[in-house]
>>> print(open('target-v4.tsv').read())   # TSV, C-alpha atoms
chain	number	residue	atom	x	y	z
X	1	MET	CA	-31.78	-34.23	16.96
X	2	SER	CA	-29.93	-33.08	13.83
X	3	LYS	CA	-30.15	-29.47	12.78
X	4	ARG	CA	-31.97	-28.17	9.74
X	5	ILE	CA	-30.19	-25.14	8.32
X	6	GLY	CA	-31.11	-22.87	5.44
X	7	VAL	CA	-28.95	-21.04	2.93
X	8	LEU	CA	-29.65	-18.38	0.29
X	9	THR	CA	-27.73	-16.24	-2.18
X	10	GLY	CA	-28.81	-12.62	-2.54
X	11	GLY	CA	-27.93	-9.70	-4.81
X	12	GLY	CA	-25.86	-9.88	-7.98
X	13	ASP	CA	-24.30	-13.20	-8.88
X	14	THR	CA	-20.56	-13.95	-8.88
X	15	SER	CA	-18.33	-16.73	-10.14
X	16	ALA	CA	-17.75	-18.02	-6.59
X	17	LEU	CA	-21.29	-18.43	-5.26
X	18	ASN	CA	-21.61	-22.11	-6.13
X	19	ALA	CA	-18.22	-22.69	-4.52
X	20	THR	CA	-19.48	-21.13	-1.29
X	21	LEU	CA	-22.63	-23.25	-1.46
X	22	LYS	CA	-20.44	-26.32	-2.03
X	23	GLY	CA	-18.55	-25.57	1.17
X	24	VAL	CA	-21.79	-25.10	3.09
X	25	ALA	CA	-23.18	-28.38	1.76
X	26	LEU	CA	-19.98	-30.35	2.42
X	27	ARG	CA	-19.73	-29.23	6.04
X	28	ALA	CA	-23.46	-29.71	6.63
X	29	GLU	CA	-23.19	-33.29	5.35
X	30	GLU	CA	-20.16	-33.94	7.56
X	31	LEU	CA	-22.13	-32.80	10.62
X	32	GLY	CA	-25.30	-34.65	9.65
X	33	TYR	CA	-27.29	-31.44	9.15
X	34	GLU	CA	-30.15	-31.20	6.70
X	35	LEU	CA	-29.55	-28.32	4.26
X	36	ILE	CA	-32.42	-26.34	2.75
X	37	GLY	CA	-31.65	-23.96	-0.11
X	38	PHE	CA	-34.01	-21.02	-0.67
X	39	MET	CA	-34.48	-20.04	-4.30
X	40	GLN	CA	-33.94	-16.48	-5.54
X	41	GLY	CA	-32.44	-14.97	-2.42
X	42	TRP	CA	-34.68	-13.39	0.19
X	43	ALA	CA	-37.68	-13.91	-2.11
X	44	GLY	CA	-37.40	-17.63	-1.40
X	45	VAL	CA	-38.27	-17.26	2.29
X	46	LEU	CA	-41.44	-15.26	1.62
X	47	THR	CA	-44.90	-16.73	1.13
X	48	GLY	CA	-45.00	-18.08	-2.40
X	49	GLY	CA	-41.24	-18.52	-2.40
X	50	SER	CA	-39.60	-21.84	-3.10
X	51	TYR	CA	-36.87	-24.04	-1.61
X	52	CYS	CA	-35.10	-27.34	-2.18
X	53	ARG	CA	-32.95	-29.83	-0.31
X	54	LEU	CA	-29.26	-29.35	-1.11
X	55	SER	CA	-26.48	-31.92	-1.09
X	56	PRO	CA	-22.86	-31.54	-2.26
X	57	ASP	CA	-23.39	-33.65	-5.40
X	58	LEU	CA	-25.92	-31.09	-6.70
X	59	ILE	CA	-23.38	-28.25	-6.70
X	60	ASP	CA	-20.52	-27.73	-9.16
X	61	SER	CA	-17.97	-25.47	-7.46
X	62	ASP	CA	-16.27	-24.75	-10.80
X	63	ARG	CA	-19.41	-23.34	-12.36
X	64	GLY	CA	-20.11	-19.64	-11.89
X	65	GLY	CA	-23.38	-18.16	-10.72
X	66	THR	CA	-25.60	-19.83	-8.14
X	67	VAL	CA	-27.64	-23.01	-8.39
X	68	LEU	CA	-30.12	-21.33	-6.02
X	69	GLN	CA	-30.49	-18.28	-8.29
X	70	SER	CA	-30.74	-14.80	-6.79
X	71	SER	CA	-32.77	-11.60	-6.55
X	72	ARG	CA	-32.54	-8.11	-5.06
X	73	THR	CA	-35.45	-8.54	-2.66
X	74	ASN	CA	-35.44	-6.13	0.32
X	75	LEU	CA	-37.39	-7.54	3.26
X	76	ARG	CA	-37.11	-4.37	5.32
X	77	SER	CA	-38.44	-1.90	2.74
X	78	SER	CA	-41.30	-4.25	1.91
X	79	ASN	CA	-42.08	-4.77	5.63
X	80	LYS	CA	-41.93	-8.52	5.18
X	81	LEU	CA	-39.24	-9.35	7.71
X	82	GLY	CA	-41.82	-10.83	10.09
X	83	GLU	CA	-43.29	-12.94	7.31
X	84	ALA	CA	-39.86	-14.34	6.49
X	85	ILE	CA	-39.20	-15.21	10.14
X	86	GLN	CA	-42.54	-17.00	10.45
X	87	ASN	CA	-41.89	-19.01	7.29
X	88	LEU	CA	-38.43	-20.06	8.53
X	89	LYS	CA	-39.99	-21.25	11.76
X	90	LYS	CA	-42.80	-22.99	9.87
X	91	LEU	CA	-40.17	-24.96	7.93
X	92	LYS	CA	-38.40	-25.75	11.24
X	93	ILE	CA	-35.18	-24.08	10.11
X	94	ASP	CA	-32.77	-23.91	13.06
X	95	ALA	CA	-30.34	-21.41	11.52
X	96	LEU	CA	-29.89	-19.46	8.29
X	97	ILE	CA	-26.77	-18.65	6.24
X	98	PRO	CA	-27.32	-15.67	3.90
X	99	ILE	CA	-24.55	-15.27	1.30
X	100	GLY	CA	-24.32	-11.77	-0.12
X	101	GLY	CA	-22.98	-8.24	-0.16
X	102	ASP	CA	-23.79	-5.21	1.96
X	103	ASP	CA	-27.50	-5.16	1.09
X	104	THR	CA	-27.98	-8.87	1.78
X	105	LEU	CA	-26.04	-8.59	5.04
X	106	SER	CA	-27.98	-5.51	6.16
X	107	VAL	CA	-31.25	-7.42	5.73
X	108	GLY	CA	-29.71	-10.46	7.40
X	109	SER	CA	-28.52	-8.44	10.38
X	110	ALA	CA	-32.07	-7.18	10.94
X	111	LEU	CA	-33.36	-10.75	10.74
X	112	SER	CA	-30.62	-11.96	13.10
X	113	GLU	CA	-32.21	-10.02	15.95
X	114	HIS	CA	-35.02	-12.60	15.86
X	115	PHE	CA	-33.44	-15.66	14.23
X	116	THR	CA	-30.16	-17.60	14.43
X	117	THR	CA	-28.07	-16.30	11.54
X	118	THR	CA	-24.49	-16.46	10.32
X	119	PHE	CA	-23.10	-14.98	7.08
X	120	VAL	CA	-20.67	-15.34	4.18
X	121	THR	CA	-19.67	-12.24	2.20
X	122	LYS	CA	-19.99	-12.03	-1.57
X	123	THR	CA	-19.61	-9.22	-4.07
X	124	ILE	CA	-17.51	-8.44	-7.11
X	125	ASP	CA	-17.35	-4.81	-5.91
X	126	ASN	CA	-15.20	-5.88	-2.92
X	127	ASP	CA	-16.92	-3.23	-0.80
X	128	VAL	CA	-17.77	-5.34	2.27
X	129	GLY	CA	-15.21	-5.00	5.04
X	130	ILE	CA	-12.94	-2.34	6.53
X	131	ASN	CA	-9.61	-1.00	5.26
X	132	CYS	CA	-6.53	-1.11	7.45
X	133	PRO	CA	-5.86	1.93	9.66
X	134	GLU	CA	-4.83	5.12	7.89
X	135	GLY	CA	-1.18	6.11	7.87
X	136	SER	CA	1.90	6.02	5.74
X	137	THR	CA	2.42	2.30	6.34
X	138	VAL	CA	-0.05	-0.19	4.89
X	139	ASP	CA	-0.49	-3.31	7.01
X	140	TYR	CA	-2.38	-5.73	4.77
X	141	THR	CA	-3.02	-8.09	7.68
X	142	GLN	CA	-5.21	-5.40	9.28
X	143	ILE	CA	-7.65	-5.32	6.36
X	144	VAL	CA	-10.94	-6.76	7.59
X	145	ASN	CA	-12.13	-9.09	4.83
X	146	TYR	CA	-9.16	-8.92	2.48
X	147	PHE	CA	-11.40	-9.76	-0.45
X	148	CYS	CA	-14.97	-10.87	-0.94
X	149	PRO	CA	-15.46	-14.23	-2.68
X	150	GLY	CA	-16.32	-13.40	-6.28
X	151	PHE	CA	-14.03	-10.38	-6.48
X	152	PRO	CA	-10.81	-12.16	-7.55
X	153	SER	CA	-12.54	-13.86	-10.51
X	154	ALA	CA	-14.21	-10.62	-11.63
X	155	ALA	CA	-10.96	-8.69	-11.22
X	156	ASN	CA	-9.17	-11.32	-13.27
X	157	LEU	CA	-11.71	-10.81	-16.08
X	158	VAL	CA	-11.39	-7.01	-15.98
X	159	ALA	CA	-7.62	-7.41	-16.27
X	160	LYS	CA	-8.01	-9.91	-19.11
X	161	TYR	CA	-10.35	-7.73	-21.17
X	162	SER	CA	-8.20	-4.64	-20.56
X	163	ARG	CA	-5.19	-6.59	-21.78
X	164	ASP	CA	-6.98	-8.16	-24.75
X	165	VAL	CA	-8.42	-4.90	-26.08
X	166	GLN	CA	-4.90	-3.47	-26.22
X	167	THR	CA	-4.37	-5.33	-29.49
X	168	THR	CA	-7.30	-3.58	-31.17
X	169	ALA	CA	-6.32	-0.23	-29.68
X	170	TYR	CA	-2.88	-0.60	-31.25
X	171	SER	CA	-4.05	-1.95	-34.60
X	172	HIS	CA	-6.50	0.93	-35.18
X	173	ASN	CA	-4.89	3.75	-33.16
X	174	ARG	CA	-7.85	3.78	-30.78
X	175	ILE	CA	-8.47	5.32	-27.39
X	176	ILE	CA	-10.73	2.71	-25.81
X	177	PHE	CA	-12.57	3.42	-22.56
X	178	VAL	CA	-13.29	0.13	-20.77
X	179	GLU	CA	-16.07	0.38	-18.17
X	180	ALA	CA	-15.88	-1.81	-15.07
X	181	MET	CA	-18.49	-2.38	-12.37
X	182	GLY	CA	-18.21	-0.88	-8.90
X	183	ARG	CA	-21.04	1.40	-7.92
X	184	TYR	CA	-19.11	3.32	-5.28
X	185	ALA	CA	-15.82	1.44	-4.96
X	186	GLY	CA	-12.93	1.35	-7.42
X	187	TRP	CA	-11.42	-2.03	-6.50
X	188	LEU	CA	-12.57	-3.73	-9.68
X	189	THR	CA	-11.54	-0.86	-11.93
X	190	LEU	CA	-8.09	-0.74	-10.32
X	191	SER	CA	-7.56	-4.39	-11.24
X	192	ALA	CA	-7.29	-3.20	-14.87
X	193	ALA	CA	-3.70	-2.31	-13.90
X	194	TYR	CA	-3.02	-6.04	-14.19
X	195	GLY	CA	-4.24	-5.73	-17.78
X	196	ASN	CA	-1.78	-2.88	-18.36
X	197	ALA	CA	-4.48	-0.21	-18.70
X	198	ASP	CA	-2.80	3.12	-19.47
X	199	LEU	CA	-5.10	5.20	-17.27
X	200	ILE	CA	-7.57	4.28	-14.50
X	201	LEU	CA	-10.46	6.44	-13.30
X	202	ILE	CA	-12.14	5.41	-10.03
X	203	PRO	CA	-15.33	6.69	-8.29
X	204	GLU	CA	-13.49	7.76	-5.13
X	205	MET	CA	-11.66	10.52	-7.00
X	206	PRO	CA	-13.45	13.48	-8.67
X	207	TYR	CA	-13.28	13.50	-12.44
X	208	ASP	CA	-11.57	16.55	-13.94
X	209	PRO	CA	-12.15	16.38	-17.72
X	210	ASP	CA	-9.52	19.02	-18.51
X	211	LYS	CA	-6.80	17.13	-16.65
X	212	MET	CA	-7.93	13.87	-18.21
X	213	ALA	CA	-7.82	15.39	-21.69
X	214	GLU	CA	-4.32	16.73	-21.09
X	215	ILE	CA	-2.86	13.39	-20.05
X	216	ILE	CA	-4.71	11.45	-22.78
X	217	GLU	CA	-3.37	13.77	-25.47
X	218	ALA	CA	0.20	13.46	-24.20
X	219	LYS	CA	0.04	9.66	-24.04
X	220	TYR	CA	-1.65	9.34	-27.42
X	221	ILE	CA	0.99	11.48	-29.10
X	222	ASP	CA	3.66	9.35	-27.45
X	223	GLN	CA	2.31	5.86	-28.22
X	224	GLY	CA	-0.59	6.24	-30.69
X	225	HIS	CA	-3.18	4.27	-28.70
X	226	LEU	CA	-4.64	4.02	-25.19
X	227	VAL	CA	-6.80	1.86	-22.96
X	228	VAL	CA	-8.54	3.77	-20.17
X	229	ALA	CA	-10.34	1.84	-17.41
X	230	VAL	CA	-13.38	3.71	-16.03
X	231	SER	CA	-15.73	2.85	-13.16
X	232	GLU	CA	-19.43	2.67	-13.96
X	233	VAL	CA	-20.14	5.56	-11.55
X	234	ILE	CA	-17.98	8.67	-11.75
X	235	SER	CA	-18.59	12.09	-10.18
X	236	ASP	CA	-17.38	15.51	-11.30
X	237	THR	CA	-15.47	17.95	-9.09
X	238	ASP	CA	-18.80	19.23	-7.69
X	239	GLY	CA	-19.82	15.75	-6.59
X	240	ASN	CA	-22.46	15.28	-9.31
X	241	LEU	CA	-22.72	11.92	-11.07
X	242	ILE	CA	-21.93	12.27	-14.75
X	243	THR	CA	-24.55	9.63	-15.49
X	244	GLU	CA	-27.62	9.01	-13.38
X	245	SER	CA	-30.61	6.77	-13.94
X	246	ALA	CA	-34.05	7.61	-12.61
X	247	GLU	CA	-34.67	3.88	-12.17
X	248	LEU	CA	-34.05	2.57	-8.65
X	249	ASP	CA	-33.70	-0.98	-7.39
X	250	SER	CA	-35.42	-2.34	-4.27
X	251	PHE	CA	-32.63	-0.97	-2.07
X	252	GLY	CA	-32.98	2.56	-3.48
X	253	HIS	CA	-29.84	2.49	-5.61
X	254	ALA	CA	-29.80	4.28	-8.96
X	255	ARG	CA	-28.89	1.89	-11.73
X	256	PRO	CA	-25.33	2.77	-12.75
X	257	GLY	CA	-23.52	2.58	-16.06
X	258	GLY	CA	-22.63	4.52	-19.17
X	259	CYS	CA	-19.75	6.61	-17.84
X	260	SER	CA	-17.35	5.25	-20.46
X	261	GLU	CA	-19.52	6.54	-23.31
X	262	VAL	CA	-20.00	9.98	-21.72
X	263	ILE	CA	-16.28	10.39	-21.04
X	264	ALA	CA	-15.33	9.20	-24.54
X	265	GLU	CA	-17.61	11.85	-26.07
X	266	GLN	CA	-16.24	14.53	-23.74
X	267	MET	CA	-12.66	13.69	-24.69
X	268	LYS	CA	-13.53	13.75	-28.37
X	269	THR	CA	-14.87	17.29	-27.95
X	270	ARG	CA	-11.92	18.45	-25.87
X	271	LEU	CA	-9.29	16.94	-28.17
X	272	PRO	CA	-10.23	18.09	-31.69
X	273	ASN	CA	-6.63	17.62	-32.86
X	274	LEU	CA	-6.93	13.86	-32.38
X	275	PRO	CA	-8.86	11.73	-34.92
X	276	SER	CA	-12.54	11.65	-33.95
X	277	THR	CA	-12.64	7.99	-35.01
X	278	ALA	CA	-10.09	7.13	-32.32
X	279	PHE	CA	-12.53	7.34	-29.42
X	280	ARG	CA	-14.37	4.15	-28.50
X	281	HIS	CA	-15.94	2.68	-25.38
X	282	GLN	CA	-16.67	-0.82	-24.14
X	283	ILE	CA	-19.02	-1.61	-21.24
X	284	LEU	CA	-18.06	-4.98	-19.76
X	285	ALA	CA	-21.33	-5.34	-17.81
X	286	TYR	CA	-22.21	-8.98	-17.05
X	287	MET	CA	-19.02	-10.24	-18.69
X	288	GLN	CA	-17.25	-9.40	-15.41
X	289	ARG	CA	-19.41	-11.56	-13.17
X	290	CYS	CA	-19.96	-14.68	-15.26
X	291	GLY	CA	-18.01	-17.87	-15.97
X	292	SER	CA	-15.92	-20.12	-13.76
X	293	PRO	CA	-14.07	-18.91	-10.66
X	294	ILE	CA	-10.29	-18.76	-10.58
X	295	GLN	CA	-8.59	-21.16	-8.18
X	296	ILE	CA	-7.94	-18.84	-5.22
X	297	ASP	CA	-11.53	-17.58	-5.40
X	298	ARG	CA	-13.04	-21.07	-5.56
X	299	ASP	CA	-10.88	-22.51	-2.81
X	300	MET	CA	-11.43	-19.63	-0.37
X	301	ALA	CA	-15.18	-19.61	-1.08
X	302	ILE	CA	-15.45	-23.33	-0.27
X	303	LYS	CA	-13.55	-22.84	2.97
X	304	ALA	CA	-15.68	-19.82	3.91
X	305	GLY	CA	-18.85	-21.83	3.33
X	306	LYS	CA	-17.59	-24.61	5.58
X	307	LEU	CA	-16.64	-22.09	8.24
X	308	ALA	CA	-20.15	-20.61	8.33
X	309	VAL	CA	-21.65	-24.02	9.10
X	310	SER	CA	-19.02	-24.66	11.78
X	311	ALA	CA	-20.02	-21.33	13.34
X	312	ILE	CA	-23.59	-22.58	13.69
X	313	GLN	CA	-22.30	-25.82	15.21
X	314	ASN	CA	-20.30	-23.83	17.76
X	315	GLY	CA	-23.08	-21.39	18.57
X	316	GLN	CA	-21.22	-18.43	17.02
X	317	VAL	CA	-24.28	-16.66	15.65
X	318	ASN	CA	-24.23	-13.26	14.00
X	319	HIS	CA	-20.72	-13.89	12.71
X	320	VAL	CA	-19.33	-13.52	9.19
X	321	ALA	CA	-17.01	-15.90	7.36
X	322	THR	CA	-14.40	-13.51	5.94
X	323	ILE	CA	-11.14	-13.85	4.01
X	324	MET	CA	-8.07	-12.50	5.80
X	325	ARG	CA	-4.43	-12.01	4.87
X	326	THR	CA	-1.96	-13.27	7.44
X	327	ASP	CA	1.81	-13.70	7.60
X	328	GLU	CA	1.24	-17.30	6.56
X	329	GLY	CA	-1.00	-16.45	3.61
X	330	ILE	CA	-4.68	-15.88	2.86
X	331	ILE	CA	-7.13	-17.81	5.05
X	332	PRO	CA	-10.84	-17.73	5.98
X	333	LYS	CA	-11.66	-16.39	9.43
X	334	LEU	CA	-14.87	-16.01	11.40
X	335	LEU	CA	-15.50	-12.50	12.77
X	336	PRO	CA	-18.42	-10.85	14.58
X	337	LEU	CA	-20.74	-8.97	12.23
X	338	GLU	CA	-20.08	-5.65	13.97
X	339	VAL	CA	-16.34	-6.02	13.28
X	340	VAL	CA	-16.90	-6.50	9.54
X	341	LEU	CA	-19.54	-3.85	8.85
X	342	LYS	CA	-19.75	-0.15	9.65
X	343	TRP	CA	-23.21	1.33	10.05
X	344	GLY	CA	-24.39	4.84	9.25
X	345	GLU	CA	-26.83	6.80	11.40
X	346	ASP	CA	-29.57	5.92	8.91
X	347	GLY	CA	-29.13	2.21	9.68
X	348	HIS	CA	-27.53	1.35	6.36
X	349	VAL	CA	-24.17	-0.32	5.85
X	350	ILE	CA	-21.28	1.99	4.97
X	351	ARG	CA	-19.56	0.42	1.99
X	352	ARG	CA	-15.82	-0.02	1.93
X	353	SER	CA	-14.17	2.33	-0.56
X	354	LEU	CA	-10.93	1.65	-2.36
X	355	ASP	CA	-8.04	2.49	-0.04
X	356	ALA	CA	-6.72	5.84	-1.33
X	357	ARG	CA	-3.15	4.62	-0.75
X	358	PHE	CA	-3.66	2.01	-3.49
X	359	TYR	CA	-4.24	4.66	-6.17
X	360	ASP	CA	-1.93	7.23	-7.77
X	361	ALA	CA	-4.37	10.10	-8.40
X	362	GLU	CA	-1.77	12.28	-10.11
X	363	ASN	CA	-1.08	9.71	-12.83
X	364	PHE	CA	-4.46	7.92	-12.90
X	365	SER	CA	-2.76	4.63	-12.10
X	366	ILE	CA	-2.19	2.01	-9.44
X	367	SER	CA	0.27	2.84	-6.65
X	368	PRO	CA	3.01	0.55	-5.28
X	369	ALA	CA	0.77	-0.14	-2.27
X	370	GLY	CA	-2.02	-1.13	-4.67
X	371	VAL	CA	0.32	-3.56	-6.43
X	372	GLY	CA	1.17	-4.95	-3.01
X	373	TYR	CA	-2.51	-5.61	-2.38
X	374	PHE	CA	-3.11	-7.43	-5.68
X	375	ARG	CA	0.18	-9.33	-5.55
X	376	ALA	CA	-1.24	-11.56	-2.78
X	377	ILE	CA	-4.07	-12.55	-5.14
X	378	PHE	CA	-2.50	-12.58	-8.62
X	379	GLY	CA	1.25	-12.50	-8.08
X	380	ASP	CA	3.53	-9.97	-9.73
X	381	PRO	CA	1.92	-7.66	-12.32
X	382	PRO	CA	2.55	-8.71	-15.93
X	383	LYS	CA	4.99	-6.73	-18.02
X	384	ALA	CA	3.39	-4.49	-20.61
X	385	TYR	CA	3.83	-5.52	-24.22
X	386	THR	CA	6.25	-3.33	-26.10
X	387	SER	CA	5.43	-2.78	-29.76
X	388	PRO	CA	8.34	-3.45	-32.13
X	389	SER	CA	10.19	-0.42	-33.40
X	390	LEU	CA	9.28	-0.49	-37.07
X	391	LYS	CA	11.27	1.44	-39.62
X	392	ILE	CA	8.49	3.25	-41.46
X	393	LEU	CA	9.20	4.34	-45.03
X	394	THR	CA	7.05	6.31	-47.44
X	395	ILE	CA	6.26	5.51	-51.04
>>> encode(input="target-v4.tsv", output="structure tokens")
Amino acid sequence: MSKRIGVLTGGGDTSALNATLKGVALRAEELGYELIGFMQGWAGVLTGGSYCRLSPDLIDSDRGGTVLQSSRTNLRSSNKLGEAIQNLKKLKIDALIPIGGDDTLSVGSALSEHFTTTFVTKTIDNDVGINCPEGSTVDYTQIVNYFCPGFPSAANLVAKYSRDVQTTAYSHNRIIFVEAMGRYAGWLTLSAAYGNADLILIPEMPYDPDKMAEIIEAKYIDQGHLVVAVSEVISDTDGNLITESAELDSFGHARPGGCSEVIAEQMKTRLPNLPSTAFRHQILAYMQRCGSPIQIDRDMAIKAGKLAVSAIQNGQVNHVATIMRTDEGIIPKLLPLEVVLKWGEDGHVIRRSLDARFYDAENFSISPAGVGYFRAIFGDPPKAYTSPSLKILTI
């Protein structure tokens, strides 16, 4: 008897979700499995939720977002895990493939204790996985989950916008603070280095406004304009968030954002000798996670989706389809869930932070090791544009 498997996409959307779904659907069709897609993430498996039958022809792998839509539904906090399990059994689902980040996988791991489950990672924050062992030498092949599907496309957009806004910064002598997503991890913000951002401020490093003001002033005097990439969540030297929302999502996370505006105003106050009109900020928000995936993101997502279905075929439950870097290149690989995720004593997933070796904290910039990480995804970093040396005369 052929299997009936379910799939859902949880959490924030990415450009590579449909590509992952395409891979799942293609492999399911090859194996003769019936594929059921649950709408709006974990909400779809609850009473009153909705589902549909999925086939490869219904999914465009070059279109961003997810045909199944998504939500931030938390089955554990709502005590509806049992209800979800009963509904899956009622629909005669043999196995489930949740596609998501740390929150989706933490819910899925709880469900997997009672139901056949296998996973595919997804998040633009790139915070699912484990960095390679600490030490002076960085072995990229030891990174567990080299990147999460969705991250390369989002990083490409952050780099693009950081590069594009350079033209306005130059034309109007601006200091523009560009805010990237990444609640607790600076991977996405660091990708602004590929957009030639002058300075990069990540959440893993405490924010010292005096030091920041000093380096901004020196660079502005030297070149007359700046682009500063800032993560959406930044903490001061005492560990306090410089912006904090009282609004929480279903997983208990404060809604982030607004650091770029706060820092721009602080720099304006600390640098009265610079034109007050020079300071601007730009929050990229959803512009980072929308649109079509880039090729490496799409192709790896499709392969990861196929791998998750093969895992079910082979009885490899409670595994995760990850992306790994090898000596032969970047490939998808199936790993046990406990190898991919670290758990805190409170039962929550410990997110992967940006590897400190990839960041030059002294100069607020990417390190050579960081360039080595991104080179496998994007190739060599682009050369910064050099403004022509104009001979300025006065009337």
>>> residues_around(input="target-v4.tsv", residues="Met205 in chain X", least_positions_apart="3", cutoff="12 Å", atoms="all atoms listed in the file", output="ChimeraX atom specification")
/X:184-186,200-202,208,230-231,233-239,241,353-356,359-362,364-365
>>> closest_atom_pairs(input="target-v4.tsv", of="range 106-224 of chain X", to="range 20-32 of chain X", cutoff="10 Å", atoms="all atoms listed in the file", output="Markdown table")
| residue | atom | partner | partner_atom | distance |
| --- | --- | --- | --- | --- |
| X:Val120 | CA | X:Thr20 | CA | 8.1 |
| X:Thr121 | CA | X:Thr20 | CA | 9.6 |
| X:Lys122 | CA | X:Thr20 | CA | 9.1 |
| X:Pro149 | CA | X:Thr20 | CA | 8.1 |
| X:Gly150 | CA | X:Thr20 | CA | 9.7 |
>>> residues_around(input="target-v4.tsv", residues="Gly82 in chain X", least_positions_apart="2", cutoff="12 Å", atoms="all atoms listed in the file", output="ChimeraX atom specification")
/X:45-47,75-76,78-80,84-89,107,110-115
>>> write_last_selection(input="target-v4.tsv", atoms="C-alpha atoms", output="JSON list (two decimals), in the frame of the given file")
[["chain", "number", "residue", "atom", "x", "y", "z"],
["X", 45, "VAL", "CA", -38.27, -17.26, 2.29],
["X", 46, "LEU", "CA", -41.44, -15.26, 1.62],
["X", 47, "THR", "CA", -44.90, -16.73, 1.13],
["X", 75, "LEU", "CA", -37.39, -7.54, 3.26],
["X", 76, "ARG", "CA", -37.11, -4.37, 5.32],
["X", 78, "SER", "CA", -41.30, -4.25, 1.91],
["X", 79, "ASN", "CA", -42.08, -4.77, 5.63],
["X", 80, "LYS", "CA", -41.93, -8.52, 5.18],
["X", 84, "ALA", "CA", -39.86, -14.34, 6.49],
["X", 85, "ILE", "CA", -39.20, -15.21, 10.14],
["X", 86, "GLN", "CA", -42.54, -17.00, 10.45],
["X", 87, "ASN", "CA", -41.89, -19.01, 7.29],
["X", 88, "LEU", "CA", -38.43, -20.06, 8.53],
["X", 89, "LYS", "CA", -39.99, -21.25, 11.76],
["X", 107, "VAL", "CA", -31.25, -7.42, 5.73],
["X", 110, "ALA", "CA", -32.07, -7.18, 10.94],
["X", 111, "LEU", "CA", -33.36, -10.75, 10.74],
["X", 112, "SER", "CA", -30.62, -11.96, 13.10],
["X", 113, "GLU", "CA", -32.21, -10.02, 15.95],
["X", 114, "HIS", "CA", -35.02, -12.60, 15.86],
["X", 115, "PHE", "CA", -33.44, -15.66, 14.23]]
>>> atom_distance(input="target-v4.tsv", atom1="CA of Ala169 in chain X", atom2="CA of Leu226 in chain X")
6.4 Å
>>> residues_around(input="target-v4.tsv", residues="range 92-104 of chain X", least_positions_apart="6", cutoff="7 Å", atoms="all atoms listed in the file", output="ChimeraX atom specification")
/X:3-11,116-123,128,349
>>> write_last_selection(input="target-v4.tsv", atoms="C-alpha atoms", output="mmCIF file, keeping the file's coordinate frame")
data_model
loop_
_atom_site.group_PDB
_atom_site.id
_atom_site.type_symbol
_atom_site.label_atom_id
_atom_site.label_comp_id
_atom_site.auth_asym_id
_atom_site.auth_seq_id
_atom_site.Cartn_x
_atom_site.Cartn_y
_atom_site.Cartn_z
ATOM 1 C CA LYS X 3 -30.150 -29.470 12.780
ATOM 2 C CA ARG X 4 -31.970 -28.170 9.740
ATOM 3 C CA ILE X 5 -30.190 -25.140 8.320
ATOM 4 C CA GLY X 6 -31.110 -22.870 5.440
ATOM 5 C CA VAL X 7 -28.950 -21.040 2.930
ATOM 6 C CA LEU X 8 -29.650 -18.380 0.290
ATOM 7 C CA THR X 9 -27.730 -16.240 -2.180
ATOM 8 C CA GLY X 10 -28.810 -12.620 -2.540
ATOM 9 C CA GLY X 11 -27.930 -9.700 -4.810
ATOM 10 C CA THR X 116 -30.160 -17.600 14.430
ATOM 11 C CA THR X 117 -28.070 -16.300 11.540
ATOM 12 C CA THR X 118 -24.490 -16.460 10.320
ATOM 13 C CA PHE X 119 -23.100 -14.980 7.080
ATOM 14 C CA VAL X 120 -20.670 -15.340 4.180
ATOM 15 C CA THR X 121 -19.670 -12.240 2.200
ATOM 16 C CA LYS X 122 -19.990 -12.030 -1.570
ATOM 17 C CA THR X 123 -19.610 -9.220 -4.070
ATOM 18 C CA VAL X 128 -17.770 -5.340 2.270
ATOM 19 C CA VAL X 349 -24.170 -0.320 5.850
#
>>> residues_near_point(input="target-v4.tsv", point="(-32.8, -29.8, -6.1)", cutoff="9 Å", atoms="all atoms listed in the file", output="mmCIF file with C-alpha atoms, in the frame of the given file")
data_model
loop_
_atom_site.group_PDB
_atom_site.id
_atom_site.type_symbol
_atom_site.label_atom_id
_atom_site.label_comp_id
_atom_site.auth_asym_id
_atom_site.auth_seq_id
_atom_site.Cartn_x
_atom_site.Cartn_y
_atom_site.Cartn_z
ATOM 1 C CA GLY X 37 -31.650 -23.960 -0.110
ATOM 2 C CA TYR X 51 -36.870 -24.040 -1.610
ATOM 3 C CA CYS X 52 -35.100 -27.340 -2.180
ATOM 4 C CA ARG X 53 -32.950 -29.830 -0.310
ATOM 5 C CA LEU X 54 -29.260 -29.350 -1.110
ATOM 6 C CA SER X 55 -26.480 -31.920 -1.090
ATOM 7 C CA LEU X 58 -25.920 -31.090 -6.700
ATOM 8 C CA VAL X 67 -27.640 -23.010 -8.390
ATOM 9 C CA LEU X 68 -30.120 -21.330 -6.020
#
>>> residues_around(input="target-v4.tsv", residues="Cys290 in chain X", least_positions_apart="6", cutoff="10 Å", atoms="only C-alpha atoms", output="list in words")
Asp13, Thr14, Ser15, Ala16, Arg63, Gly64, Gly65, Gly150, Ser153, Ala154 and Leu157 of chain X
>>> residues_around(input="target-v4.tsv", residues="range 271-282 of chain X", least_positions_apart="5", cutoff="7 Å", atoms="all atoms listed in the file", output="list in words")
Asn173, Arg174, Ile175, Ile176, Phe177, Val178, Glu179, Ala213, Ser260, Glu261 and Ala264 of chain X
>>> atom_distance(input="target-v4.tsv", atom1="CA of Pro381 in chain X", atom2="CA of Thr189 in chain X")
15.1 Å
>>> closest_residue(input="target-v4.tsv", among="X:Ala218, X:Lys303, X:His172, X:Ser70", to="Ser50 in chain X", atoms="all atoms listed in the file")
X:Ser70
>>> axis_aligned_box(input="target-v4.tsv", around="range 45-48 of chain X", padding_each_side="5 Å", output="JSON")
{"center_x": -41.6, "center_y": -16.7, "center_z": -0.1, "size_x": 16.7, "size_y": 12.8, "size_z": 14.7}
